[in-house]
Amino acid sequence: MTGTKVEVTVQPKRKGLSRRQKRSLSRGVQYAVFVVAVIAFAATADWGQLKNQFAQADIAERMFPDVITLALKNTVLFTLTGFAVGLVLGMVIALMRLSSVGPYRWLAGIYIEIFRGLPALLIFIFIGVAVPLAFPGTEIVGGTYGKVALALGLVAAAYMAETIRAGIQAVPKGQMEAARSLGFSPARAMVSIIIPQAFRIILPPLTNELVLLFKDSSLVLFLGVTLEERELSKFGRDLASQTANSTPILVAGLCYLLVTIPLGFVVRRMEAKAQEAVK
């Protein structure tokens with residue numbers, strides 16, 4: 001009776017860390033660096049000077065209620081009117097960009113490239129200085145509010161046009177074919193079927209554009225505004241000059257965050273719902 005020879009293969013031990021261990025180690029190092037940086041900042045900063053320059057309670061109290069009822073109100077009004085102008089103009093430019101007529105596409109492309117490439121500050125200066133010089137005696141409807149709405153709208157329209165165009169092209173082509181088979185004209189199918197679906201797709205980026213316009217409204221100071229037309233940045237800078245203290249600027253910045261943070265949360269919620277709908 002012969003014995004059976006059994007060979008046992010011993011797997012060599014792995015050397016080094018696994019991928020999971022490497023990721024955990026990397027996260028730990030990043031957290032440690034962050035904690036060290038925070039501690040170093042807290043230990044070296046002169047909190048007394050910061051408080052004296054940016055956190056004077058008596059100066060902050062003097063800003064209320066005007067910082068809300070006047071400055072924040074004007075900022076929101078400038079933003080909403082600029083967004084409305086930009087949305088309407090952006091829709092027209094997007095449809096021109098998708099048009100089968102060559103000159104329409106070329107004009108839309110030129111507009112987008114110019115106004116997307118120029119700084120918003122130059123657009124405000126153009127509206128406030130160049131337009132009155134080119135057309136003497138011409139007044140933009142709405143005064144300062146109309147000028148701000150037009151300036152913000154011109155800037156926003158270039159970005160919105162591309163966003164709307166992408167949204168329209170994201171709608172399946174079968175939707176247009178189905179609408180045409182039901183007797184819809186191309187224009188009616190676009191307005192009733194395609195555009196509503198496109199807006200559901202592009203709602204998050206459009207809301208994000210609203211946040212950007214809210215911050216760009218601070219450029220209104222280059223148009224020359226009255227005391228009753230001041231927005232948050234102008235209001236904070238004026239009081240900072242009067243008091244020789246930066247507390248008004250900090251308060252104005254916090255007022256911006258009162259709007260931008262909730263809007264940012266809304267954008268994230270919209271994006272999450274859009275992703276769930278796709279799944």
# chains A, B, ... in the order shown; residues from 1 in each chain; ligands from 1
call {"tool": "residues_around", "arguments": {"residues": "Ile193 in chain A", "least_positions_apart": "3", "cutoff": "10 Å", "atoms": "only C-alpha atoms", "output": "JSON list (two decimals) with C-alpha atoms, in the first residue's frame"}}
result
[["chain", "number", "residue", "atom", "x", "y", "z"],
["A", 171, "VAL", "CA", -34.49, 66.18, -24.54],
["A", 175, "GLN", "CA", -40.34, 63.83, -28.14],
["A", 176, "MET", "CA", -40.35, 66.20, -31.10],
["A", 178, "ALA", "CA", -44.09, 62.26, -31.30],
["A", 179, "ALA", "CA", -45.42, 65.83, -31.07],
["A", 184, "PHE", "CA", -48.12, 69.91, -33.55],
["A", 187, "ALA", "CA", -42.93, 75.99, -32.96],
["A", 188, "ARG", "CA", -45.82, 74.69, -30.89],
["A", 189, "ALA", "CA", -44.01, 71.42, -30.15],
["A", 190, "MET", "CA", -40.95, 73.37, -29.01],
["A", 196, "PRO", "CA", -40.85, 72.49, -20.41],
["A", 197, "GLN", "CA", -38.83, 69.26, -20.33],
["A", 198, "ALA", "CA", -35.59, 71.17, -20.92]]
call {"tool": "closest_residue", "arguments": {"among": "A:Pro132, A:Leu221, A:Arg27, A:Ala55", "to": "Asn245 in chain A", "atoms": "only C-alpha atoms"}}
result
A:Ala55
call {"tool": "closest_atom_pairs", "arguments": {"of": "range 23-109 of chain A", "to": "range 134-149 of chain A", "cutoff": "10 Å", "atoms": "only C-alpha atoms", "output": "tab-separated table"}}
result
residue	atom	partner	partner_atom	distance
A:Asn74	CA	A:Tyr145	CA	8.8
A:Leu77	CA	A:Tyr145	CA	8.2
A:Phe78	CA	A:Ala149	CA	6.2
A:Thr79	CA	A:Ala149	CA	7.5
A:Leu80	CA	A:Ala149	CA	8.2
A:Thr81	CA	A:Ala149	CA	5.2
A:Gly82	CA	A:Ala149	CA	3.9
A:Phe83	CA	A:Ala149	CA	7.7
A:Ala84	CA	A:Ala149	CA	8.2
A:Val85	CA	A:Ala149	CA	6.6
A:Gly86	CA	A:Ala149	CA	8.4
call {"tool": "write_last_selection", "arguments": {"atoms": "N, CA and C atoms", "output": "compact mmCIF listing (two decimals), in the first residue's frame"}}
result
# COMPACT_ATOMS: atom_id res chain seq x y z
N ASN A 74 -32.80 96.05 -2.01
CA ASN A 74 -32.33 96.49 -3.32
C ASN A 74 -31.50 95.41 -4.01
N LEU A 77 -33.83 92.86 -5.37
CA LEU A 77 -34.57 93.41 -6.50
C LEU A 77 -33.68 93.50 -7.74
N PHE A 78 -32.45 93.98 -7.58
CA PHE A 78 -31.52 94.03 -8.72
C PHE A 78 -31.31 92.63 -9.30
N THR A 79 -31.13 91.66 -8.42
CA THR A 79 -30.85 90.29 -8.86
C THR A 79 -32.01 89.70 -9.63
N LEU A 80 -33.22 89.84 -9.09
CA LEU A 80 -34.39 89.22 -9.71
C LEU A 80 -34.70 89.86 -11.07
N THR A 81 -34.59 91.18 -11.16
CA THR A 81 -34.86 91.83 -12.45
C THR A 81 -33.79 91.47 -13.48
N GLY A 82 -32.52 91.41 -13.04
CA GLY A 82 -31.45 91.00 -13.95
C GLY A 82 -31.63 89.56 -14.40
N PHE A 83 -32.06 88.70 -13.49
CA PHE A 83 -32.28 87.30 -13.84
C PHE A 83 -33.42 87.17 -14.84
N ALA A 84 -34.49 87.95 -14.66
CA ALA A 84 -35.63 87.90 -15.58
C ALA A 84 -35.22 88.34 -16.98
N VAL A 85 -34.46 89.44 -17.06
CA VAL A 85 -33.99 89.91 -18.36
C VAL A 85 -33.06 88.87 -19.00
N GLY A 86 -32.16 88.33 -18.21
CA GLY A 86 -31.22 87.34 -18.72
C GLY A 86 -31.91 86.07 -19.19
call {"tool": "residues_around", "arguments": {"residues": "Lys73 in chain A", "least_positions_apart": "5", "cutoff": "9 Å", "atoms": "only C-alpha atoms", "output": "JSON, numbers by chain"}}
result
{"A": [67, 68, 78, 231, 232]}
call {"tool": "write_last_selection", "arguments": {"atoms": "N, CA and C atoms", "output": "PDB file, in the first residue's frame"}}
result
ATOM      1  N   VAL A  67     -30.016  97.896   6.764  1.00  0.00           N
ATOM      2  CA  VAL A  67     -29.252  96.916   6.009  1.00  0.00           C
ATOM      3  C   VAL A  67     -30.170  95.838   5.424  1.00  0.00           C
ATOM      4  N   ILE A  68     -31.316  95.614   6.074  1.00  0.00           N
ATOM      5  CA  ILE A  68     -32.287  94.625   5.587  1.00  0.00           C
ATOM      6  C   ILE A  68     -33.343  95.286   4.714  1.00  0.00           C
ATOM      7  N   PHE A  78     -32.455  93.979  -7.580  1.00  0.00           N
ATOM      8  CA  PHE A  78     -31.520  94.030  -8.715  1.00  0.00           C
ATOM      9  C   PHE A  78     -31.306  92.632  -9.295  1.00  0.00           C
ATOM     10  N   GLU A 231     -27.077  99.039  -2.632  1.00  0.00           N
ATOM     11  CA  GLU A 231     -27.200  97.613  -2.323  1.00  0.00           C
ATOM     12  C   GLU A 231     -26.231  97.278  -1.188  1.00  0.00           C
ATOM     13  N   LEU A 232     -26.080  96.003  -0.873  1.00  0.00           N
ATOM     14  CA  LEU A 232     -25.344  95.607   0.316  1.00  0.00           C
ATOM     15  C   LEU A 232     -23.891  96.079   0.319  1.00  0.00           C
TER      16      LEU A 232
END
call {"tool": "atom_distance", "arguments": {"atom1": "CA of Leu254 in chain A", "atom2": "CA of Leu122 in chain A"}}
result
26.7 Å
call {"tool": "atom_distance", "arguments": {"atom1": "CA of Leu89 in chain A", "atom2": "CA of Glu162 in chain A"}}
result
11.6 Å
call {"tool": "atom_distance", "arguments": {"atom1": "CA of Asp238 in chain A", "atom2": "CA of Ile123 in chain A"}}
result
23.5 Å
call {"tool": "residues_around", "arguments": {"residues": "range 104-110 of chain A", "least_positions_apart": "3", "cutoff": "9 Å", "atoms": "only C-alpha atoms", "output": "JSON list (two decimals) with N, CA and C atoms, in the first residue's frame"}}
result
[["chain", "number", "residue", "atom", "x", "y", "z"],
["A", 92, "VAL", "N", -34.11, 83.51, -26.12],
["A", 92, "VAL", "CA", -34.10, 83.93, -27.53],
["A", 92, "VAL", "C", -32.77, 83.55, -28.19],
["A", 93, "ILE", "N", -31.66, 83.81, -27.50],
["A", 93, "ILE", "CA", -30.34, 83.50, -28.07],
["A", 93, "ILE", "C", -30.16, 82.00, -28.23],
["A", 94, "ALA", "N", -30.66, 81.22, -27.28],
["A", 94, "ALA", "CA", -30.54, 79.76, -27.39],
["A", 94, "ALA", "C", -31.29, 79.24, -28.60],
["A", 95, "LEU", "N", -32.51, 79.77, -28.83],
["A", 95, "LEU", "CA", -33.28, 79.34, -30.00],
["A", 95, "LEU", "C", -32.61, 79.79, -31.29],
["A", 96, "MET", "N", -31.99, 80.98, -31.27],
["A", 96, "MET", "CA", -31.24, 81.42, -32.45],
["A", 96, "MET", "C", -30.05, 80.50, -32.70],
["A", 97, "ARG", "N", -29.40, 80.07, -31.62],
["A", 97, "ARG", "CA", -28.24, 79.18, -31.76],
["A", 97, "ARG", "C", -28.64, 77.83, -32.37],
["A", 98, "LEU", "N", -29.88, 77.41, -32.12],
["A", 98, "LEU", "CA", -30.36, 76.14, -32.65],
["A", 98, "LEU", "C", -31.09, 76.29, -33.97],
["A", 99, "SER", "N", -31.20, 77.53, -34.45],
["A", 99, "SER", "CA", -31.96, 77.79, -35.68],
["A", 99, "SER", "C", -31.25, 77.20, -36.90],
["A", 100, "SER", "N", -32.05, 76.88, -37.91],
["A", 100, "SER", "CA", -31.50, 76.40, -39.17],
["A", 100, "SER", "C", -31.05, 77.55, -40.07],
["A", 101, "VAL", "N", -31.35, 78.78, -39.64],
["A", 101, "VAL", "CA", -30.95, 79.97, -40.40],
["A", 101, "VAL", "C", -29.54, 80.36, -39.97],
["A", 113, "GLU", "N", -19.93, 84.62, -27.23],
["A", 113, "GLU", "CA", -18.49, 84.71, -27.06],
["A", 113, "GLU", "C", -18.07, 86.05, -26.48],
["A", 114, "ILE", "N", -18.73, 87.12, -26.92],
["A", 114, "ILE", "CA", -18.36, 88.46, -26.43],
["A", 114, "ILE", "C", -18.77, 88.65, -24.98],
["A", 115, "PHE", "N", -20.03, 88.41, -24.67],
["A", 115, "PHE", "CA", -20.52, 88.72, -23.32],
["A", 115, "PHE", "C", -20.11, 87.68, -22.29],
["A", 158, "ALA", "N", -25.73, 85.35, -21.76],
["A", 158, "ALA", "CA", -24.71, 84.57, -22.49],
["A", 158, "ALA", "C", -24.55, 83.19, -21.88],
["A", 161, "ALA", "N", -28.03, 81.18, -22.17],
["A", 161, "ALA", "CA", -28.30, 80.70, -23.52],
["A", 161, "ALA", "C", -27.66, 79.34, -23.76]]
call {"tool": "closest_atom_pairs", "arguments": {"of": "range 109-129 of chain A", "to": "range 222-227 of chain A", "cutoff": "12 Å", "atoms": "only C-alpha atoms", "output": "tab-separated table"}}
result
residue	atom	partner	partner_atom	distance
A:Ala120	CA	A:Phe222	CA	11.1
A:Leu121	CA	A:Phe222	CA	8.0
A:Leu122	CA	A:Phe222	CA	9.7
A:Ile123	CA	A:Phe222	CA	10.3
A:Phe124	CA	A:Phe222	CA	6.8
A:Ile125	CA	A:Phe222	CA	6.6
A:Phe126	CA	A:Leu223	CA	9.6
A:Ile127	CA	A:Leu223	CA	8.0
A:Gly128	CA	A:Leu223	CA	5.2
A:Val129	CA	A:Leu223	CA	8.1
call {"tool": "residues_around", "arguments": {"residues": "Val251 in chain A", "least_positions_apart": "2", "cutoff": "10 Å", "atoms": "only C-alpha atoms", "output": "PDB file with C-alpha atoms, in the first residue's frame"}}
result
ATOM      1  CA  PHE A  54     -14.638  93.592  12.387  1.00  0.00           C
ATOM      2  CA  ALA A  55     -16.896  92.898  15.376  1.00  0.00           C
ATOM      3  CA  ILE A  59     -21.593  99.780  14.886  1.00  0.00           C
ATOM      4  CA  ALA A  60     -23.439  96.662  13.737  1.00  0.00           C
ATOM      5  CA  GLU A  61     -26.574  97.744  15.608  1.00  0.00           C
ATOM      6  CA  MET A  63     -26.915  99.244  10.475  1.00  0.00           C
ATOM      7  CA  VAL A  67     -29.252  96.916   6.009  1.00  0.00           C
ATOM      8  CA  LEU A 232     -25.344  95.607   0.316  1.00  0.00           C
ATOM      9  CA  SER A 233     -21.760  96.245  -0.804  1.00  0.00           C
ATOM     10  CA  GLY A 236     -21.400  98.453   3.875  1.00  0.00           C
ATOM     11  CA  SER A 246     -14.761  97.182   8.843  1.00  0.00           C
ATOM     12  CA  THR A 247     -17.693  95.857  10.872  1.00  0.00           C
ATOM     13  CA  PRO A 248     -20.260  97.106   8.287  1.00  0.00           C
ATOM     14  CA  ILE A 249     -18.478  95.136   5.555  1.00  0.00           C
ATOM     15  CA  GLY A 253     -21.147  89.850   3.851  1.00  0.00           C
ATOM     16  CA  LEU A 254     -23.270  87.927   6.353  1.00  0.00           C
ATOM     17  CA  CYS A 255     -26.399  89.315   4.684  1.00  0.00           C
ATOM     18  CA  TYR A 256     -25.173  87.896   1.371  1.00  0.00           C
ATOM     19  CA  LEU A 257     -24.798  84.509   3.050  1.00  0.00           C
TER      20      LEU A 257
END
call {"tool": "closest_residue", "arguments": {"among": "A:Leu239, A:Ala156, A:Ala43, A:Ile112", "to": "Val88 in chain A", "atoms": "only C-alpha atoms"}}
result
A:Ala156
call {"tool": "decode", "arguments": {"residues": "range 83-95 of chain A", "atoms": "all heavy atoms", "output": "mmCIF file, in the first residue's frame"}}
result
data_model
loop_
_atom_site.group_PDB
_atom_site.id
_atom_site.type_symbol
_atom_site.label_atom_id
_atom_site.label_comp_id
_atom_site.auth_asym_id
_atom_site.auth_seq_id
_atom_site.Cartn_x
_atom_site.Cartn_y
_atom_site.Cartn_z
ATOM 1 N N PHE A 83 -32.057 88.704 -13.491
ATOM 2 C CA PHE A 83 -32.279 87.299 -13.836
ATOM 3 C C PHE A 83 -33.420 87.167 -14.845
ATOM 4 O O PHE A 83 -33.332 86.374 -15.793
ATOM 5 C CB PHE A 83 -32.608 86.506 -12.574
ATOM 6 C CG PHE A 83 -32.774 85.029 -12.795
ATOM 7 C CD1 PHE A 83 -31.677 84.199 -12.884
ATOM 8 C CD2 PHE A 83 -34.037 84.471 -12.922
ATOM 9 C CE1 PHE A 83 -31.824 82.836 -13.090
ATOM 10 C CE2 PHE A 83 -34.194 83.113 -13.126
ATOM 11 C CZ PHE A 83 -33.086 82.289 -13.215
ATOM 12 N N ALA A 84 -34.491 87.949 -14.655
ATOM 13 C CA ALA A 84 -35.632 87.896 -15.578
ATOM 14 C C ALA A 84 -35.217 88.338 -16.983
ATOM 15 O O ALA A 84 -35.547 87.678 -17.978
ATOM 16 C CB ALA A 84 -36.773 88.774 -15.057
ATOM 17 N N VAL A 85 -34.460 89.440 -17.060
ATOM 18 C CA VAL A 85 -33.988 89.911 -18.362
ATOM 19 C C VAL A 85 -33.057 88.875 -18.997
ATOM 20 O O VAL A 85 -33.167 88.563 -20.191
ATOM 21 C CB VAL A 85 -33.268 91.268 -18.225
ATOM 22 C CG1 VAL A 85 -32.604 91.669 -19.540
ATOM 23 C CG2 VAL A 85 -34.246 92.345 -17.776
ATOM 24 N N GLY A 86 -32.155 88.333 -18.209
ATOM 25 C CA GLY A 86 -31.221 87.341 -18.723
ATOM 26 C C GLY A 86 -31.908 86.075 -19.189
ATOM 27 O O GLY A 86 -31.505 85.480 -20.200
ATOM 28 N N LEU A 87 -32.958 85.660 -18.485
ATOM 29 C CA LEU A 87 -33.664 84.437 -18.859
ATOM 30 C C LEU A 87 -34.396 84.606 -20.188
ATOM 31 O O LEU A 87 -34.328 83.730 -21.063
ATOM 32 C CB LEU A 87 -34.654 84.056 -17.754
ATOM 33 C CG LEU A 87 -35.384 82.726 -17.921
ATOM 34 C CD1 LEU A 87 -34.398 81.570 -17.965
ATOM 35 C CD2 LEU A 87 -36.387 82.532 -16.785
ATOM 36 N N VAL A 88 -35.083 85.725 -20.353
ATOM 37 C CA VAL A 88 -35.807 85.975 -21.597
ATOM 38 C C VAL A 88 -34.835 86.108 -22.764
ATOM 39 O O VAL A 88 -35.001 85.476 -23.821
ATOM 40 C CB VAL A 88 -36.679 87.246 -21.468
ATOM 41 C CG1 VAL A 88 -37.304 87.594 -22.821
ATOM 42 C CG2 VAL A 88 -37.768 87.040 -20.421
ATOM 43 N N LEU A 89 -33.804 86.937 -22.565
ATOM 44 C CA LEU A 89 -32.814 87.122 -23.635
ATOM 45 C C LEU A 89 -32.047 85.830 -23.910
ATOM 46 O O LEU A 89 -31.756 85.496 -25.067
ATOM 47 C CB LEU A 89 -31.849 88.247 -23.237
ATOM 48 C CG LEU A 89 -30.811 88.668 -24.288
ATOM 49 C CD1 LEU A 89 -31.499 89.093 -25.580
ATOM 50 C CD2 LEU A 89 -29.946 89.799 -23.732
ATOM 51 N N GLY A 90 -31.726 85.090 -22.862
ATOM 52 C CA GLY A 90 -31.018 83.825 -23.031
ATOM 53 C C GLY A 90 -31.835 82.806 -23.803
ATOM 54 O O GLY A 90 -31.288 82.045 -24.618
ATOM 55 N N MET A 91 -33.153 82.792 -23.575
ATOM 56 C CA MET A 91 -34.021 81.876 -24.324
ATOM 57 C C MET A 91 -34.016 82.221 -25.810
ATOM 58 O O MET A 91 -33.903 81.328 -26.670
ATOM 59 C CB MET A 91 -35.449 81.962 -23.766
ATOM 60 C CG MET A 91 -36.471 81.172 -24.564
ATOM 61 S SD MET A 91 -36.161 79.403 -24.545
ATOM 62 C CE MET A 91 -36.612 79.041 -22.859
ATOM 63 N N VAL A 92 -34.111 83.507 -26.121
ATOM 64 C CA VAL A 92 -34.098 83.931 -27.530
ATOM 65 C C VAL A 92 -32.769 83.549 -28.188
ATOM 66 O O VAL A 92 -32.736 83.012 -29.304
ATOM 67 C CB VAL A 92 -34.333 85.450 -27.629
ATOM 68 C CG1 VAL A 92 -34.158 85.929 -29.071
ATOM 69 C CG2 VAL A 92 -35.724 85.810 -27.113
ATOM 70 N N ILE A 93 -31.662 83.806 -27.504
ATOM 71 C CA ILE A 93 -30.344 83.504 -28.074
ATOM 72 C C ILE A 93 -30.159 82.001 -28.234
ATOM 73 O O ILE A 93 -29.579 81.531 -29.224
ATOM 74 C CB ILE A 93 -29.245 84.107 -27.190
ATOM 75 C CG1 ILE A 93 -29.350 85.632 -27.197
ATOM 76 C CG2 ILE A 93 -27.860 83.682 -27.668
ATOM 77 C CD1 ILE A 93 -28.454 86.316 -26.205
ATOM 78 N N ALA A 94 -30.658 81.219 -27.278
ATOM 79 C CA ALA A 94 -30.535 79.761 -27.386
ATOM 80 C C ALA A 94 -31.293 79.236 -28.601
ATOM 81 O O ALA A 94 -30.787 78.368 -29.336
ATOM 82 C CB ALA A 94 -31.057 79.103 -26.105
ATOM 83 N N LEU A 95 -32.507 79.769 -28.833
ATOM 84 C CA LEU A 95 -33.276 79.340 -30.001
ATOM 85 C C LEU A 95 -32.606 79.792 -31.295
ATOM 86 O O LEU A 95 -32.637 79.067 -32.300
ATOM 87 C CB LEU A 95 -34.705 79.885 -29.912
ATOM 88 C CG LEU A 95 -35.545 79.317 -28.759
ATOM 89 C CD1 LEU A 95 -36.907 79.997 -28.705
ATOM 90 C CD2 LEU A 95 -35.709 77.805 -28.888
#
